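**Q** Let me begin by handing over the structure; questions about it come next.
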Amino acid sequence: MPKVQIIDPLEVRKPGFVEFQPIPVNQYQKTVKEEKENFTAEEFKAIYHDMVLIREFETMLNLIKTKGEYNGTPYNHPGPAHLSIGQESAAVGMAWTLGVDDFIFGSHRSHGEILAKGMSAIHKLDDQQLTGIMESFFDGVVYDVVKKDFTGSVKDLAKRFLVYGTLAEIFARKTGFNRGLGGSMHAFFTPFGVYPNNAIVGGSGDIAVGAALYKKVNRKPGLVVANIGDASMACGPVWEGITFAAMDQFRELWEGDMQGGLPVIINIMNNQYGMGGQTSGETMGYGIAARIGAGVNAEQMHAERVDGYNPLAVIDAYKRKRKIIDEKRGPVLLDVLTYRYSGHSPSDASSYRTKEEVEAWEAQDCIHSFGEEMVEAEVASQADLDKISDDIRKLVNEMFLKAIDDEVSPRMTNADVIGEMMFSNGSVDSFSEAEPDVLMSLDENPRVKKIANKERFAFDTEGKPFSKMKQFQLRDAIFEAVIDRFYKDASLVAYGEENRDWGGAFAVYGGLTEALPYHRLFNSPISEASIVGTSIGYAMCGGRVIPEIMYCDFLGRCGDEVFNQLPKWQAMSGNVLKMPVVLRVSVGSKYGAQHSQDWTSLVAHIPGIKVCFPVTPYDAKGLMNAALQGTDPVIFFESQRIYDIGEQFHKGGCPQGTTRYHLANPM
Ligand SMILES: Cc1ncc(C[n+]2csc(CCOP(=O)(O)OP(=O)(O)O)c2C)c(N)n1
Ligand SMILES: [Mg+2]
């Protein structure tokens with residue numbers, strides 16, 4: 001509700017029409033021959049190589065799951081393996097132009113994306129950079145395995161590192177990219193710009209948007225890609241992520257270099273099925289998924305469908321869409337058409353599709369047709385292509401043997417270690433080196449001035465209570481800890497419903513609007529999943545954030561984010577990620593059954609979250625300050641019954657400076 005934007009009835013009541021632009025569908029139709037001036041022969045070969053690498057890697061997993069062996073070596077992998085055989089060109093096309101500053105998030109079916117993005121990074125980084133990354137990651141634990149007895153180039157070594165680290169993670173080995181704690185559906189490797197994949201369908205839909213918010217607010221280079229399935233377009237959090245990303249305020253209200261759209265691409269890996277439900281024709285109504293963009297904003301999210309069976313079509317789209325992102329005109333939606341021949345999982349009997357359909361897509365296989373075009377265009381001979389495949393088969397087999405060797409790759413079996421990893425228990429003044437963006441000095445702030453005249457203990461010397469207005473209230477205590485951190489930590493942002501201008505529904509944030517530019521304090525859509533989900537993505541990238549849920553009762557609206565995402569990523573990442581999210585939740589008492597519930601006990605039962613519920617201003621300030629100093633997710637409950645109560649217990653009153661509270665591991 002910014003006052004600068006007047007809603008003029010004469011304008012908005014005028015008759016007219018909402019107009020749409022045509023959405024391009026499979027417009028790119030070029031062949032390798034026609035693209036020879038834009039790619040070198042080496043580049044065509046690298047694209048082919050990366051696709052074959054993914055195919056062989058997943059063929060190996062498929063054989064292990066269905067036959068219990070690969071190249072004659074038996075192995076039992078009881079964990080999941082959602083394969084994307086057939087989708088390789090979509091993954092490689094998506095990753096090809098991206099740099100390590102560009103982040104990708106994925107789904108349960110993202111092995112191919114990890115390898116494609118990893119290879120894209122390996123193609124671009126020099127030997128020194130690659131060696132630095134491999135040596136420093138987990139103190140060289142993964143590197144030590146792959147460099148033993150290897151005498152080839154650094155790039156080849158990095159490829160071994162990528163394949164082994166991913167596979168060891170899938171097999172839950174301590175030497176995996178996330179110490180074996182993530183596994184197939186959650187594996188990632190941030191030094192190559194590969195951010196968490198997600199076993200919850202659509203889980204990355206809002207988290208990735210938060211990563212883009214982090215990049216924007218903290219002036220970091222690069223864009224963010226949310227790789228999600230066509231069926232996930234029905235999921236609430238995906239829609240909420242999209243509506244958050246498309247908010248007008250980024251262009252209308254954010255100022256200076258902050259003005260402009262979020263650098264995020266929603267990349268639908270459209271294999272045309274959920275598990276067995278067909279999205280076009282059965283479970284969805286969009287027909288062509290790119291249509292979704294049309295309803296979101298005036299730019300229609302620059303949506304288009306590209307033929308993901310042709311890696312060059314996807315690369316072409318990414319080159320064009322990057323320009324849009326660089327011009328701060330995001331978000332972008334890409335509907336990347338593809339097909340998986342493999343089942344949803346290896347136990348899938350494909351009862352939902354015909355053999356003929358699968359064969360028709362196999363007949364146009366993305367790798368074979370690209371190879372044929374390369375030979376025809378004389379950028380490679382069949383012998384070149386065969387050698388690429390042979391070398392990959394050897395590499396995958398060698399890494400497979402290392403990954404299943406219990407001595408080389410010990411299993412992550414120790415439950416105590418997992419317990420220790422639930423929290424990082426850090427203490428960090430600021431997650432940013434930058435000077436915080438603020439609009440005035442603290443002592444000029446109207447709320448700070450007002451508070452300065454308040455009584456920090458509720459009673460006078462005779463024990464009589466001061467008037468409510470005179471007392472330093474619980475809401476003032478929370479405000480003091482929050483505003484203090486805003487002036488210390490440039491990465492800190494706060495948002496939620498009615499957080500700006502209104503000052504928060506319960507006036508905790510009065511005075512913050514005057515102090516902070518839009519990009520540090522803003523109103524979110526009424527969208528609890530995206531409020532929490534984007535915060536998770538923001539924190540994963542290295543920023544501190546205070547999302548707010550207006551009533552405890554609305555926690556159900558962000559159930560997945562609170563139960564499955566916020567608490568789990570520190571442990572599932574092998575402690576690579578921190579999660580400095582302080583989720584403020586107000587508890588009501590007088591608006592009936594849907595606005596009066598206290599769900600602290602529910603949340604307190606979730607491992608991986610710290611929970612606070614202060615009852616005095618002294619505690620509120622101390623706990624909020626401790627929460628904002630830490631590196632763990634905290635859910636901070638605030639009772640509406642006591643927002644206006646002063647400090648009645650600590651005789652010295654609520655202190656002006658910081659209080660020393662420490663949030664221990666929950667029991
Ligand atoms: C919230 C949620 N609901 C259901 C599932 C079970 N499930 C796993 S994958 C899948 C289909 C997802 O389809 P899509 O988003 O198109 O991705 P694809 O599997 O095709 O890559 C389902 C229903 C889940 N993991 N998470
Ligand atoms: Mg799908």
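The chains in the structure tokens are called A, B, ... from first to last as shown; in each chain the residues are counted from 1, and the ligands are counted from 1 in the order shown.
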For the interface of chain A with ligand 2 (cut-off 12 Å, counting only C-alpha atoms and all ligand atoms), please tabulate each contacting residue of chain A alongside its nearest pair of atoms and their separation in Å to one decimal, rows sorted by chain and increasing number, as a tab-separated table.

**A**
```
residue	atom	partner	partner_atom_place_in_ligand_line	distance
A:His82	CA	ligand 2	1 (Mg)	11.3
A:Leu83	CA	ligand 2	1 (Mg)	11.5
A:Ser84	CA	ligand 2	1 (Mg)	10.0
A:Gln87	CA	ligand 2	1 (Mg)	10.7
A:Ser107	CA	ligand 2	1 (Mg)	10.3
A:His108	CA	ligand 2	1 (Mg)	10.6
A:Arg109	CA	ligand 2	1 (Mg)	9.2
A:Ser110	CA	ligand 2	1 (Mg)	11.8
A:Val201	CA	ligand 2	1 (Mg)	9.9
A:Gly202	CA	ligand 2	1 (Mg)	10.9
A:Asn227	CA	ligand 2	1 (Mg)	11.0
A:Ile228	CA	ligand 2	1 (Mg)	8.2
A:Gly229	CA	ligand 2	1 (Mg)	4.5
A:Asp230	CA	ligand 2	1 (Mg)	4.6
A:Ala231	CA	ligand 2	1 (Mg)	5.2
A:Ser232	CA	ligand 2	1 (Mg)	7.5
A:Met233	CA	ligand 2	1 (Mg)	9.5
A:Ala234	CA	ligand 2	1 (Mg)	11.3
A:Asn267	CA	ligand 2	1 (Mg)	12.0
A:Ile268	CA	ligand 2	1 (Mg)	8.5
A:Met269	CA	ligand 2	1 (Mg)	6.8
A:Asn270	CA	ligand 2	1 (Mg)	5.5
A:Asn271	CA	ligand 2	1 (Mg)	4.6
A:Gln272	CA	ligand 2	1 (Mg)	5.2
A:Tyr273	CA	ligand 2	1 (Mg)	4.1
A:Gly274	CA	ligand 2	1 (Mg)	4.3
A:Met275	CA	ligand 2	1 (Mg)	7.0
A:Gly276	CA	ligand 2	1 (Mg)	8.8
A:Gly277	CA	ligand 2	1 (Mg)	8.7
A:Gln278	CA	ligand 2	1 (Mg)	8.2
A:Thr279	CA	ligand 2	1 (Mg)	7.6
A:Ser280	CA	ligand 2	1 (Mg)	10.4
A:Thr283	CA	ligand 2	1 (Mg)	11.2
A:Met284	CA	ligand 2	1 (Mg)	11.6
A:Ala289	CA	ligand 2	1 (Mg)	11.1
A:Asp335	CA	ligand 2	1 (Mg)	11.3
A:Val336	CA	ligand 2	1 (Mg)	10.8
A:Leu337	CA	ligand 2	1 (Mg)	9.9
A:Thr338	CA	ligand 2	1 (Mg)	9.0
A:Tyr339	CA	ligand 2	1 (Mg)	8.4
A:Arg340	CA	ligand 2	1 (Mg)	8.6
A:Tyr341	CA	ligand 2	1 (Mg)	11.9
A:Gly343	CA	ligand 2	1 (Mg)	11.1
A:His344	CA	ligand 2	1 (Mg)	8.8
```

**Q** Using only C-alpha atoms, which residues sit within 7 Å of segment 523-526 of chain A once same-chain residues fewer than 6 positions away are excluded, as a ChimeraX atom specification?

**A** /A:244,495-500

**Q** Can you write just those residues out, C-alpha atoms, as a compact mmCIF listing (two decimals), in the first residue's frame?

**A**
```
# COMPACT_ATOMS: atom_id res chain seq x y z
CA PHE A 244 6.76 -13.71 -5.85
CA TYR A 495 9.54 -9.46 4.36
CA GLY A 496 6.08 -10.82 4.81
CA GLU A 497 2.52 -9.62 4.49
CA GLU A 498 2.12 -5.90 5.29
CA ASN A 499 5.65 -5.56 6.61
CA ARG A 500 6.31 -2.21 4.93
```

**Q** Might you pull out every residue within 12 Å of Lys590 of chain A, with only C-alpha atoms counted and same-chain residues fewer than 6 positions away left off, and present them as a list in words?

**A**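 What passes the distance filter is Tyr551, Ser596, Gln597, Ser639, Gln640 and Arg641 of chain A.
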
**Q** With N, CA and C atoms kept, could you save the residues just selected as a short mmCIF file (atom, residue, chain, number, x, y, z; two decimals), in the first residue's frame?

**A**
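Just written: out-v2.cif:
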```cif
data_model
loop_
_atom_site.label_atom_id
_atom_site.label_comp_id
_atom_site.auth_asym_id
_atom_site.auth_seq_id
_atom_site.Cartn_x
_atom_site.Cartn_y
_atom_site.Cartn_z
N TYR A 551 -0.09 -14.97 11.14
CA TYR A 551 -0.74 -15.75 12.21
C TYR A 551 -0.19 -17.17 12.20
N SER A 596 -6.30 -18.49 16.26
CA SER A 596 -5.95 -18.49 17.68
C SER A 596 -5.10 -19.68 18.10
N GLN A 597 -4.55 -20.39 17.14
CA GLN A 597 -3.84 -21.61 17.54
C GLN A 597 -2.37 -21.35 17.85
N SER A 639 3.41 -13.82 21.04
CA SER A 639 1.99 -13.82 21.41
C SER A 639 1.40 -12.42 21.25
N GLN A 640 0.28 -12.35 20.57
CA GLN A 640 -0.39 -11.05 20.41
C GLN A 640 -0.93 -10.53 21.73
N ARG A 641 -1.09 -11.41 22.71
CA ARG A 641 -1.62 -10.98 24.01
C ARG A 641 -0.62 -10.12 24.77
#
```

**Q** List as a list of chain:residue names the protein and nucleic acid residues near segment 553-560 of chain A, meaning an atom at most 9 Å away when only C-alpha atoms are counted, but skip any in the same chain fewer than 4 places from it.

**A**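 So, after excluding close chain neighbours, the residues are A:Ile200, A:Gly203, A:Pro237, A:Ser527, A:Glu528, A:Ala529, A:Ser530, A:Ile531, A:Val532, A:Gly533, A:Ile549, A:Asn564, A:Gln565, A:Leu566, A:Val585, A:Ser586, A:Val587, A:Gly588, A:Ala593, A:Gln594, A:His595, A:Ser596, A:Gln597, A:Asp598, A:Trp599.
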
**Q** Using only C-alpha atoms for the distances, tell me which of A:Lys402, A:Lys321, A:Glu299, A:Asp307 is nearest to Asp144 of chain A.

**A**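 Using only C-alpha atoms, the shortest distance to Asp144 of chain A belongs to A:Lys402.
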
**Q** Report as a ChimeraX atom specification all protein, DNA and RNA residues lying within 8 Å of segment 450-452 of chain A, evaluated on only C-alpha atoms, omitting residues in the same chain fewer than 3 positions from it.

**A** /A:446-447,472,476
